[in-house]
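Note: the block below is entry09.cif and it holds mmCIF, C-alpha atoms.
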data_entry
loop_
_atom_site.label_atom_id
_atom_site.label_comp_id
_atom_site.auth_asym_id
_atom_site.auth_seq_id
_atom_site.Cartn_x
_atom_site.Cartn_y
_atom_site.Cartn_z
CA MET A 1 96.34 100.37 69.78
CA SER A 2 99.94 99.12 69.82
CA PHE A 3 100.90 95.81 71.42
CA TYR A 4 102.64 97.65 74.29
CA GLU A 5 99.53 99.77 74.93
CA GLU A 6 97.42 96.62 74.89
CA LEU A 7 99.66 94.98 77.51
CA LEU A 8 99.17 98.02 79.75
CA THR A 9 95.45 97.21 79.86
CA LEU A 10 95.57 93.44 80.41
CA GLY A 11 96.28 93.39 84.15
CA GLN A 12 95.38 90.02 85.59
CA HIS A 13 95.13 88.62 82.04
CA LEU A 14 98.83 89.35 81.50
CA HIS A 15 100.41 85.91 81.41
CA GLU A 16 103.81 84.90 82.75
CA ARG A 17 105.45 84.87 79.32
CA GLU A 18 104.17 88.35 78.47
CA ARG A 19 105.31 89.76 81.81
CA LEU A 20 108.84 88.49 81.28
CA ALA A 21 108.90 89.87 77.72
CA LEU A 22 107.61 93.19 79.03
CA TYR A 23 110.36 93.28 81.66
CA ARG A 24 113.04 92.70 79.02
CA PHE A 25 111.47 95.29 76.75
CA LEU A 26 111.37 97.94 79.50
CA PHE A 27 114.91 97.10 80.59
CA GLU A 28 116.21 97.53 77.04
CA THR A 29 114.24 100.54 75.91
CA LYS A 30 114.15 102.59 79.12
CA SER A 31 117.60 101.84 80.51
CA GLU A 32 118.89 105.40 79.92
CA LEU A 33 115.87 106.88 81.66
CA TYR A 34 116.19 104.34 84.49
CA LYS A 35 119.89 105.22 84.82
CA SER A 36 119.14 108.90 85.39
CA ASP A 37 116.35 107.86 87.80
CA ALA A 38 118.85 105.70 89.67
CA ILE A 39 121.26 108.62 90.05
CA GLU A 40 118.40 110.82 91.25
CA LEU A 41 117.25 108.18 93.76
CA ILE A 42 120.77 107.79 95.14
CA LYS A 43 120.95 111.57 95.62
CA SER A 44 117.49 112.19 97.06
CA HIS A 45 116.59 108.75 98.56
CA ASP A 46 113.00 109.08 97.26
CA LEU A 47 111.60 109.01 93.76
CA LYS A 48 108.04 109.19 92.43
CA ARG A 49 107.04 107.68 89.12
CA SER A 50 103.85 106.42 87.49
CA ILE A 51 102.99 103.74 84.96
CA ALA A 52 99.72 102.28 83.67
CA ASN A 53 97.13 103.05 86.37
CA GLY A 54 99.55 103.13 89.29
CA GLU A 55 101.85 105.47 91.17
CA ILE A 56 105.19 104.25 92.50
CA VAL A 57 107.37 105.69 95.25
CA TYR A 58 110.91 104.29 95.42
CA SER A 59 112.82 104.63 98.68
CA LEU A 60 116.49 104.07 99.36
CA ASN A 61 117.58 103.36 102.93
CA GLY A 62 121.25 102.55 103.18
CA ASN A 63 121.78 99.70 100.78
CA VAL A 64 118.14 98.64 100.58
CA VAL A 65 115.80 99.87 97.87
CA SER A 66 112.06 99.31 98.15
CA TYR A 67 108.94 100.51 96.44
CA ALA A 68 105.43 101.41 97.51
CA ALA A 69 102.54 101.67 95.06
CA ARG A 70 98.93 102.69 94.83
CA LYS A 71 96.24 102.73 92.21
CA ASN A 72 95.69 106.22 90.77
CA GLY A 73 93.14 107.98 92.93
CA SER A 74 93.61 105.74 95.97
CA SER A 75 94.40 107.42 99.24
CA GLU A 76 96.88 104.89 100.68
CA PHE A 77 100.12 103.46 99.36
CA GLN A 78 100.96 99.82 99.95
CA GLU A 79 104.41 99.97 101.49
CA LYS A 80 107.50 97.84 100.84
CA LEU A 81 106.00 95.72 98.09
CA ARG A 82 109.48 94.58 97.13
CA GLU A 83 112.85 95.14 98.79
CA VAL A 84 116.27 94.48 97.27
CA ASN A 85 119.76 94.81 98.67
CA LEU A 86 122.19 96.82 96.59
CA SER A 87 125.92 96.57 96.13
CA GLU A 88 128.35 99.02 97.75
CA ILE A 89 130.01 99.57 94.37
CA SER A 90 128.37 102.45 92.52
CA ARG A 91 128.35 100.84 89.05
CA PHE A 92 126.68 97.62 90.25
CA ARG A 93 124.34 99.66 92.40
CA ILE A 94 123.05 101.62 89.41
CA ARG A 95 122.75 98.49 87.28
CA LYS A 96 120.69 96.76 89.98
CA LEU A 97 118.48 99.82 90.34
CA ILE A 98 117.81 99.82 86.58
CA LYS A 99 116.62 96.19 86.85
CA PHE A 100 114.61 97.02 89.97
CA PHE A 101 112.78 99.85 88.18
CA ALA A 102 111.87 97.58 85.24
CA GLN A 103 110.71 94.85 87.65
CA SER A 104 108.59 97.25 89.71
CA GLU A 105 106.95 98.72 86.63
CA VAL A 106 105.94 95.28 85.35
CA GLU A 107 104.42 94.47 88.74
CA VAL A 108 102.47 97.72 88.80
CA ILE A 109 101.22 97.13 85.23
CA TRP A 110 100.10 93.64 86.31
CA ASN A 111 98.24 94.88 89.38
CA TYR A 112 97.06 98.35 88.33
CA PRO A 113 96.34 98.19 84.59
CA LEU A 114 94.85 100.93 82.49
CA GLN A 115 91.14 100.68 81.80
CA GLY A 116 90.72 98.30 78.88
CA ARG A 117 88.16 95.99 77.43
CA ASN A 118 88.75 93.33 80.08
CA PRO A 119 87.01 93.73 83.40
CA GLN A 120 89.47 93.82 86.31
CA GLU A 121 88.47 92.52 89.68
CA THR A 122 89.93 94.20 92.72
CA GLY A 123 92.15 91.57 94.24
CA SER A 124 95.19 91.89 96.44
CA TYR A 125 98.54 93.19 95.24
CA CYS A 126 100.26 90.13 93.88
CA ILE A 127 103.89 89.51 92.90
CA LEU A 128 106.21 86.54 92.48
CA SER A 129 108.84 86.37 95.20
CA TYR A 130 111.86 86.04 92.88
CA PRO A 131 112.36 88.98 90.51
CA TYR A 132 113.22 88.43 86.85
CA PHE A 133 116.82 89.53 87.47
CA ASP A 134 117.31 86.69 89.95
CA LEU A 135 118.16 83.39 88.24
CA ARG A 136 116.12 81.56 90.89
CA TYR A 137 113.00 82.96 89.21
CA PHE A 138 113.63 80.59 86.30
CA SER A 139 114.04 77.55 88.58
CA ASN A 140 111.20 78.33 90.99
CA GLY A 141 113.73 78.75 93.78
CA ARG A 142 115.64 75.52 93.04
CA GLY A 143 119.01 77.21 92.55
CA ARG A 144 120.76 79.57 90.17
CA ILE A 145 122.39 76.93 87.94
CA ILE A 146 119.05 75.29 87.09
CA GLY A 147 117.71 78.81 86.66
CA LEU A 148 120.41 79.71 84.17
CA VAL A 149 119.74 76.55 82.14
CA ASN A 150 115.99 77.24 82.11
CA LYS A 151 116.56 80.89 81.22
CA LEU A 152 118.58 79.95 78.17
CA LYS A 153 115.72 77.73 76.96
CA ILE A 154 113.19 80.56 76.96
CA ASP A 155 112.28 81.86 73.54
CA ASP A 156 110.20 85.01 73.61
CA THR A 157 111.49 86.61 70.42
CA ASP A 158 107.96 86.72 68.95
CA LEU A 159 106.67 88.83 71.84
CA ARG A 160 109.73 91.07 71.92
CA LYS A 161 109.48 91.69 68.18
CA LYS A 162 105.84 92.69 68.61
CA LEU A 163 106.80 95.00 71.47
CA LYS A 164 109.64 96.62 69.57
CA ALA A 165 107.41 97.16 66.56
CA SER A 166 104.87 99.01 68.69
CA MET B 1 60.00 63.22 178.13
CA PHE B 2 63.45 62.99 176.66
CA GLN B 3 63.52 62.98 172.94
CA PRO B 4 66.84 62.44 171.15
CA ILE B 5 67.79 65.05 168.56
CA PRO B 6 67.67 63.31 165.16
CA LYS B 7 71.07 62.99 163.50
CA PRO B 8 71.09 64.74 160.10
CA LEU B 9 71.53 62.29 157.27
CA ILE B 10 73.67 64.76 155.30
CA PRO B 11 76.42 66.37 157.33
CA ALA B 12 76.37 70.13 157.47
CA VAL B 13 78.68 71.81 155.01
CA ILE B 14 81.80 72.99 156.71
CA LYS B 15 81.78 76.76 156.66
CA ALA B 16 84.42 78.14 154.33
CA ARG B 17 87.24 79.93 156.08
CA VAL B 18 88.05 82.01 152.95
CA PRO B 19 85.28 84.40 151.94
CA ILE B 20 83.58 83.41 148.69
CA TRP B 21 84.05 86.86 147.12
CA LEU B 22 87.81 86.59 147.60
CA LEU B 23 87.84 83.21 145.89
CA VAL B 24 85.92 84.61 142.91
CA VAL B 25 88.31 87.57 142.60
CA ALA B 26 91.34 85.24 142.73
CA LEU B 27 89.94 82.97 140.01
CA ALA B 28 89.03 85.91 137.79
CA THR B 29 92.53 87.39 138.19
CA GLN B 30 94.17 84.06 137.32
CA TYR B 31 91.98 83.75 134.21
CA ALA B 32 92.85 87.29 133.10
CA ILE B 33 96.60 86.62 133.54
CA ASN B 34 96.38 83.36 131.58
CA SER B 35 94.48 84.89 128.70
CA THR B 36 96.94 87.80 128.31
CA ASN B 37 100.05 85.60 128.52
CA LYS B 38 98.87 83.00 126.01
CA PRO B 39 97.51 84.58 122.81
CA SER B 40 94.90 82.41 121.17
CA GLU B 41 96.00 80.40 118.14
CA PRO B 42 95.33 82.33 114.94
CA ASN B 43 92.76 80.86 112.63
CA CYS B 44 93.33 81.11 108.86
CA ARG B 45 91.28 79.52 106.11
CA ILE B 46 92.07 79.12 102.42
CA ASN B 47 89.49 78.95 99.67
CA VAL B 48 90.53 77.58 96.28
CA GLN B 49 87.79 78.25 93.78
CA ARG B 50 87.09 76.07 90.76
CA VAL B 51 89.32 76.47 87.72
CA HIS B 52 87.27 78.22 85.08
CA GLN B 53 87.63 79.64 81.62
CA SER B 54 87.27 83.38 81.30
CA THR B 55 84.37 83.68 78.86
CA TYR B 56 84.67 87.47 78.70
CA SER B 57 88.30 87.29 77.58
CA LEU B 58 87.42 84.66 75.01
CA GLU B 59 84.58 86.71 73.58
CA PHE B 60 86.13 90.16 73.53
CA GLN B 61 89.88 89.66 73.51
CA LYS B 62 90.11 86.27 71.81
CA LEU B 63 92.15 85.26 74.83
CA SER B 64 91.59 81.68 75.84
CA GLU B 65 92.74 81.33 79.41
CA ALA B 66 92.12 79.26 82.50
CA LYS B 67 91.73 81.14 85.76
CA LEU B 68 92.12 80.20 89.37
CA LYS B 69 91.05 82.39 92.27
CA ILE B 70 92.38 81.80 95.75
CA SER B 71 91.64 83.64 98.95
CA THR B 72 92.91 83.41 102.53
CA LEU B 73 91.05 84.79 105.51
CA CYS B 74 92.41 85.04 109.05
CA ASP B 75 90.95 86.26 112.31
CA VAL B 76 93.97 88.57 112.75
CA PRO B 77 95.72 90.96 110.29
CA GLN B 78 98.03 89.45 107.68
CA ALA B 79 101.36 90.80 106.45
CA TYR B 80 101.13 88.64 103.34
CA THR B 81 100.17 85.24 101.98
CA SER B 82 102.77 83.17 100.16
CA LEU B 83 101.53 80.31 98.00
CA THR B 84 102.22 77.81 95.27
CA ALA B 85 99.25 77.11 93.02
CA LYS B 86 98.69 74.18 90.68
CA PHE B 87 96.35 73.54 87.79
CA GLU B 88 95.81 69.77 87.69
CA GLU B 89 94.19 67.91 84.82
CA VAL B 90 91.95 65.07 85.95
CA LEU B 91 92.70 61.95 83.95
CA PRO B 92 89.88 59.38 83.93
CA ASN B 93 90.92 56.40 86.13
CA ARG B 94 94.55 57.53 86.12
CA GLY B 95 94.78 60.18 88.81
CA ASN B 96 95.79 63.76 88.11
CA LYS B 97 98.45 65.34 85.92
CA VAL B 98 99.95 68.69 86.85
CA ALA B 99 99.31 71.03 83.92
CA LYS B 100 100.83 74.21 85.34
CA VAL B 101 102.50 75.29 88.56
CA ILE B 102 102.81 78.90 89.66
CA SER B 103 105.28 79.07 92.54
CA ASN B 104 106.30 81.69 95.04
CA ILE B 105 103.24 83.91 94.74
CA ILE B 106 103.13 86.69 97.30
CA ALA B 107 99.94 88.63 97.87
CA ARG B 108 99.48 91.45 100.32
CA PRO B 109 96.13 92.49 101.78
CA ARG B 110 94.63 95.84 100.92
CA PRO B 111 95.05 98.43 103.70
CA ASP B 112 91.27 98.55 104.23
CA ARG B 113 90.94 94.77 104.74
CA GLU B 114 94.04 93.42 106.43
CA ASN B 115 92.67 89.98 107.37
CA TYR B 116 91.90 89.00 103.78
CA VAL B 117 93.92 88.27 100.66
CA LEU B 118 92.37 87.57 97.27
CA ILE B 119 94.60 86.32 94.47
CA GLU B 120 92.99 87.00 91.11
CA ASN B 121 96.03 87.10 88.85
CA LEU B 122 96.43 83.36 88.30
CA THR B 123 95.68 83.00 84.64
CA VAL B 124 97.36 80.64 82.20
CA PRO B 125 96.90 80.30 78.44
CA CYS B 126 94.47 77.53 77.51
CA ASN B 127 94.95 77.11 73.78
CA GLY B 128 95.09 73.33 73.38
CA LYS B 129 92.32 71.65 71.42
CA GLY B 130 89.79 69.41 73.11
CA LYS B 131 88.11 69.35 76.49
CA ALA B 132 89.61 68.61 79.86
CA GLU B 133 88.67 68.71 83.52
CA TYR B 134 90.83 70.72 85.89
CA LEU B 135 91.28 70.99 89.62
CA GLY B 136 92.93 73.86 91.45
CA GLN B 137 95.28 73.23 94.31
CA ALA B 138 97.22 75.62 96.55
CA TYR B 139 99.50 75.38 99.55
CA GLY B 140 101.69 77.81 101.43
CA GLN B 141 101.76 80.04 104.44
CA VAL B 142 100.05 83.08 105.81
CA HIS B 143 102.51 85.48 107.44
CA LEU B 144 100.71 87.44 110.10
CA LYS B 145 101.48 91.00 111.13
CA ASP B 146 102.53 89.79 114.58
CA SER B 147 105.22 87.62 112.88
CA ARG B 148 103.42 84.31 113.40
CA ILE B 149 103.13 81.96 110.44
CA VAL B 150 100.17 79.70 109.66
CA ASP B 151 100.34 76.87 107.10
CA VAL B 152 97.42 76.65 104.71
CA SER B 153 96.46 74.29 101.90
CA GLY B 154 93.35 73.61 99.89
CA VAL B 155 91.86 72.07 96.78
CA SER B 156 88.92 73.24 94.69
CA ASP B 157 85.88 71.19 95.57
CA ILE B 158 85.11 69.48 92.25
CA PRO B 159 86.90 69.38 88.87
CA ASN B 160 85.55 71.74 86.29
CA PRO B 161 85.36 70.82 82.58
CA LEU B 162 86.90 73.41 80.23
CA SER B 163 86.55 73.52 76.47
CA CYS B 164 90.29 74.02 76.07
CA ARG B 165 93.50 72.44 77.29
CA ILE B 166 96.33 74.06 79.24
CA SER B 167 99.56 73.55 77.39
CA ALA B 168 102.28 71.94 79.53
CA LYS B 169 104.87 74.28 78.00
#

Encoded form (structure tokens):
Amino acid sequence: MSFYEELLTLGQHLHERERLALYRFLFETKSELYKSDAIELIKSHDLKRSIANGEIVYSLNGNVVSYAARKNGSSEFQEKLREVNLSEISRFRIRKLIKFFAQSEVEVIWNYPLQGRNPQETGSYCILSYPYFDLRYFSNGRGRIIGLVNKLKIDDTDLRKKLKAS
Amino acid sequence: MFQPIPKPLIPAVIKARVPIWLLVVALATQYAINSTNKPSEPNCRINVQRVHQSTYSLEFQKLSEAKLKISTLCDVPQAYTSLTAKFEEVLPNRGNKVAKVISNIIARPRPDRENYVLIENLTVPCNGKGKAEYLGQAYGQVHLKDSRIVDVSGVSDIPNPLSCRISAK
């Protein structure tokens, strides 16, 4: 099993550092796919995708993108798990959507992992309020400048190397 | 022979001019109006369980991690719970030291149990050598579906000794 496949099974045992590395990995390796998904979402306003043990439905209403998710086999989606405002300018809009897709996938992997060796308890759907593409994530909401400084201090090259090798 | 009529010691109750049944109806109506106008205060409780080490992860995944489980329960449906959680190391005779803070957690209830949120995902690596005692602490707000907000806070009841240490990094 590759390191990436292992991360898909960890769920609640996926630590903060691994989640951030996973986000960066998805953003880098799937950006072309996410770009075509973004164009499709802008055209159709709805998009269905799946990752790990979850299904995702993205919705675009005006300038607001949101996602709903459910565990595979569940009957009900949990609506509006995250909402983000998009820019009016098409290029920035697509770039933000690419980040939003990577963010949403990490959250679904965290909450709805594939069956692995670790037992998963059925808790509530849990996210952190600031996404990884918001500098306030790195400062726990204490401003973007502190966030930028903290972001530059993060060294996750070991995890990203392991992910790229997988 | 003339006998005076004895004066009653307790004066007779003055007969009510308003019929009793009308009074009862008026009181009941007033009570009904009051209870619909003023919704009762929502009641939310938080439960911070003891910090523990996941033995299963240690045995099968070689993952040494400390876990904290937190739940909130209200008597009305929740939209979401937003919390900050802390792992605190208990220092003998020197108070507590914050080992790890996880801020801005948002957890939404499952559609089949809207009054209850259970946060299971709070795990942090625990790779330091030695033993330490940890307390869990959490504070934040429960956002109800009817837009009201209830503050909640709680601490795990007693510190739990772990055979590993949470790195401050």

CA of Ser129 (chain A) and CA of Gly154 (chain B), how far apart in Å?
-> 20.6 Å

Identify all chain B residues at most 12 Å from chain A by counting all atoms listed in the file; ligands do not count. Present them as a PyMOL selection string.
-> chain B and resi 53-72+78-85+100-126+169

Quick one: everything within 8 Å of Lys80 (chain A), counting all atoms listed in the file, minus sequence neighbours fewer than 2 positions away in the same chain. Send it as JSON, numbers by chain.
-> {"A": [66, 67, 68, 78, 82, 83]}

Just the residues within 9 Å of Ile98 (chain A), please, counting all atoms listed in the file, with nothing from its chain fewer than 5 positions along; format it as a PyMOL selection string.
-> chain A and resi 27+30-35+37-38+93+103

Apply the PyMOL selection byres ((chain B and resi 76) around 9) to the structure shown and report the selected residues as JSON, numbers by chain.
-> {"B": [42, 43, 44, 73, 74, 75, 77, 78, 114, 115, 144, 145, 146]}

Emit the selected residues as a compact mmCIF listing (two decimals), keeping the file's coordinate frame, including C-alpha atoms.
# COMPACT_ATOMS: atom_id res chain seq x y z
CA PRO B 42 95.33 82.33 114.94
CA ASN B 43 92.76 80.86 112.63
CA CYS B 44 93.33 81.11 108.86
CA LEU B 73 91.05 84.79 105.51
CA CYS B 74 92.41 85.04 109.05
CA ASP B 75 90.95 86.26 112.31
CA PRO B 77 95.72 90.96 110.29
CA GLN B 78 98.03 89.45 107.68
CA GLU B 114 94.04 93.42 106.43
CA ASN B 115 92.67 89.98 107.37
CA LEU B 144 100.71 87.44 110.10
CA LYS B 145 101.48 91.00 111.13
CA ASP B 146 102.53 89.79 114.58

In Å, how far is it from CA of Glu5 (chain A) to CA of Pro113 (chain A)?
->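 Value for the CA of Glu5 (chain A)-CA of Pro113 (chain A) distance: 10.3 Å.
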
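Among the candidates A:Met1, A:Ala102, A:Leu148, A:Ala52, the residue lying nearest to Phe25 (chain A) is A:Ala102 (atoms considered: only C-alpha atoms).
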
Selection under test: the PyMOL selection byres ((chain A and resi 96) around 9); residues as a list in words | Val84, Asn85, Leu86, Ser87, Arg91, Phe92, Arg93, Ile94, Arg95, Leu97, Ile98, Lys99, Phe100, Phe101 and Phe133 of chain A

Record the distance separating CA of His45 (chain A) and CA of Val57 (chain A), expressed in Å with one decimal.
-> 10.3 Å

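Residues of protein, DNA or RNA having at least one counted atom within 12 Å of (82.6, 70.6, 95.0), given only C-alpha atoms, are Asn47, Val48, Gln49, Arg50, Val51, Leu135, Gly136, Val155, Ser156, Asp157, Ile158, Pro159 and Asn160 of chain B.
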
Expected file contents, prior selection, C-alpha atoms, as a PDB file, in the frame of the given file:
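Final output, saved to again08.pdb:
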ATOM      1  CA  ASN B  47      89.490  78.950  99.670  1.00  0.00           C
ATOM      2  CA  VAL B  48      90.530  77.580  96.280  1.00  0.00           C
ATOM      3  CA  GLN B  49      87.790  78.250  93.780  1.00  0.00           C
ATOM      4  CA  ARG B  50      87.090  76.070  90.760  1.00  0.00           C
ATOM      5  CA  VAL B  51      89.320  76.470  87.720  1.00  0.00           C
ATOM      6  CA  LEU B 135      91.280  70.990  89.620  1.00  0.00           C
ATOM      7  CA  GLY B 136      92.930  73.860  91.450  1.00  0.00           C
ATOM      8  CA  VAL B 155      91.860  72.070  96.780  1.00  0.00           C
ATOM      9  CA  SER B 156      88.920  73.240  94.690  1.00  0.00           C
ATOM     10  CA  ASP B 157      85.880  71.190  95.570  1.00  0.00           C
ATOM     11  CA  ILE B 158      85.110  69.480  92.250  1.00  0.00           C
ATOM     12  CA  PRO B 159      86.900  69.380  88.870  1.00  0.00           C
ATOM     13  CA  ASN B 160      85.550  71.740  86.290  1.00  0.00           C
TER      14      ASN B 160
END

Write out as a ChimeraX atom specification which residues come within 9 Å of Lys48 (chain A) when counting only C-alpha atoms, dropping same-chain ones fewer than 4 positions away.
-> /A:55-58

Please provide the set of residues having any atom within 8 Å of Arg165 (chain B), restricted to all atoms listed in the file, with same-chain residues fewer than 6 positions apart removed, written as a list in words.
->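 The filter keeps Cys126, Asn127, Gly128, Lys129, Gly130, Lys131 and Ala132 of chain B.
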
With all atoms listed in the file as the atoms that count, which of A:Asp158, A:Lys151, A:Ile146, A:Tyr132 lies nearest to Arg24 (chain A)?
->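 Among the listed residues, the smallest separation from Arg24 (chain A) belongs to A:Tyr132.
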
Distance criterion (all atoms listed in the file): nearest to Pro131 (chain A) out of A:Lys153, A:Lys43, A:Ser50, A:Glu105 |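 Among the listed residues, the smallest separation from Pro131 (chain A) belongs to A:Glu105.
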
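Considering all atoms listed in the file, the residue among B:Glu133, B:Pro4, B:Ile149, B:Leu91 positioned nearest to Pro161 (chain B) is B:Glu133.
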
Just write region 107-133 of chain B with N, CA and C atoms, as a short mmCIF file (atom, residue, chain, number, x, y, z; two decimals), in the first residue's frame, taken from the block above.
data_model
loop_
_atom_site.label_atom_id
_atom_site.label_comp_id
_atom_site.auth_asym_id
_atom_site.auth_seq_id
_atom_site.Cartn_x
_atom_site.Cartn_y
_atom_site.Cartn_z
N ALA B 107 -18.19 21.33 13.88
CA ALA B 107 -18.77 19.99 13.71
C ALA B 107 -20.27 20.11 13.54
N ARG B 108 -20.77 19.41 12.53
CA ARG B 108 -22.21 19.47 12.25
C ARG B 108 -22.87 18.15 12.65
N PRO B 109 -24.07 18.22 13.20
CA PRO B 109 -24.75 16.98 13.61
C PRO B 109 -25.16 16.15 12.41
N ARG B 110 -25.27 14.86 12.63
CA ARG B 110 -25.76 13.99 11.56
C ARG B 110 -27.25 14.25 11.37
N PRO B 111 -27.75 14.09 10.13
CA PRO B 111 -29.16 14.41 9.88
C PRO B 111 -30.13 13.59 10.75
N ASP B 112 -29.71 12.40 11.20
CA ASP B 112 -30.62 11.58 12.00
C ASP B 112 -30.56 11.90 13.50
N ARG B 113 -29.63 12.79 13.90
CA ARG B 113 -29.57 13.16 15.32
C ARG B 113 -29.13 14.62 15.44
N GLU B 114 -30.06 15.51 15.22
CA GLU B 114 -29.72 16.93 15.07
C GLU B 114 -29.40 17.66 16.37
N ASN B 115 -29.72 17.06 17.51
CA ASN B 115 -29.44 17.73 18.79
C ASN B 115 -28.03 17.45 19.31
N TYR B 116 -27.32 16.55 18.62
CA TYR B 116 -26.09 16.00 19.20
C TYR B 116 -24.92 16.10 18.23
N VAL B 117 -23.80 16.53 18.75
CA VAL B 117 -22.56 16.56 17.96
C VAL B 117 -21.49 15.80 18.72
N LEU B 118 -20.78 14.93 18.01
CA LEU B 118 -19.68 14.18 18.62
C LEU B 118 -18.42 14.41 17.80
N ILE B 119 -17.43 15.00 18.44
CA ILE B 119 -16.17 15.28 17.75
C ILE B 119 -15.15 14.20 18.13
N GLU B 120 -14.80 13.41 17.13
CA GLU B 120 -13.91 12.26 17.35
C GLU B 120 -12.53 12.49 16.76
N ASN B 121 -12.42 13.53 15.90
CA ASN B 121 -11.22 13.66 15.08
C ASN B 121 -10.04 14.34 15.77
N LEU B 122 -10.14 14.59 17.07
CA LEU B 122 -9.08 15.35 17.73
C LEU B 122 -7.97 14.44 18.20
N THR B 123 -7.05 14.18 17.28
CA THR B 123 -5.92 13.33 17.61
C THR B 123 -4.64 14.12 17.36
N VAL B 124 -3.67 13.97 18.24
CA VAL B 124 -2.38 14.64 18.03
C VAL B 124 -1.26 13.61 18.25
N PRO B 125 -0.16 13.75 17.50
CA PRO B 125 0.94 12.80 17.70
C PRO B 125 1.45 12.87 19.14
N CYS B 126 1.81 11.73 19.67
CA CYS B 126 2.30 11.66 21.06
C CYS B 126 3.56 10.80 21.04
N ASN B 127 4.64 11.39 20.55
CA ASN B 127 5.86 10.62 20.30
C ASN B 127 6.98 10.88 21.29
N GLY B 128 6.77 11.84 22.20
CA GLY B 128 7.82 12.18 23.16
C GLY B 128 8.02 11.05 24.18
N LYS B 129 9.25 10.93 24.64
CA LYS B 129 9.54 9.86 25.61
C LYS B 129 9.09 10.26 27.01
N GLY B 130 8.77 9.28 27.80
CA GLY B 130 8.37 9.54 29.18
C GLY B 130 6.87 9.52 29.35
N LYS B 131 6.46 9.71 30.61
CA LYS B 131 5.03 9.69 30.92
C LYS B 131 4.57 11.09 31.28
N ALA B 132 3.32 11.35 31.05
CA ALA B 132 2.76 12.65 31.43
C ALA B 132 1.26 12.51 31.65
N GLU B 133 0.73 13.43 32.45
CA GLU B 133 -0.72 13.44 32.70
C GLU B 133 -1.34 14.58 31.91
#
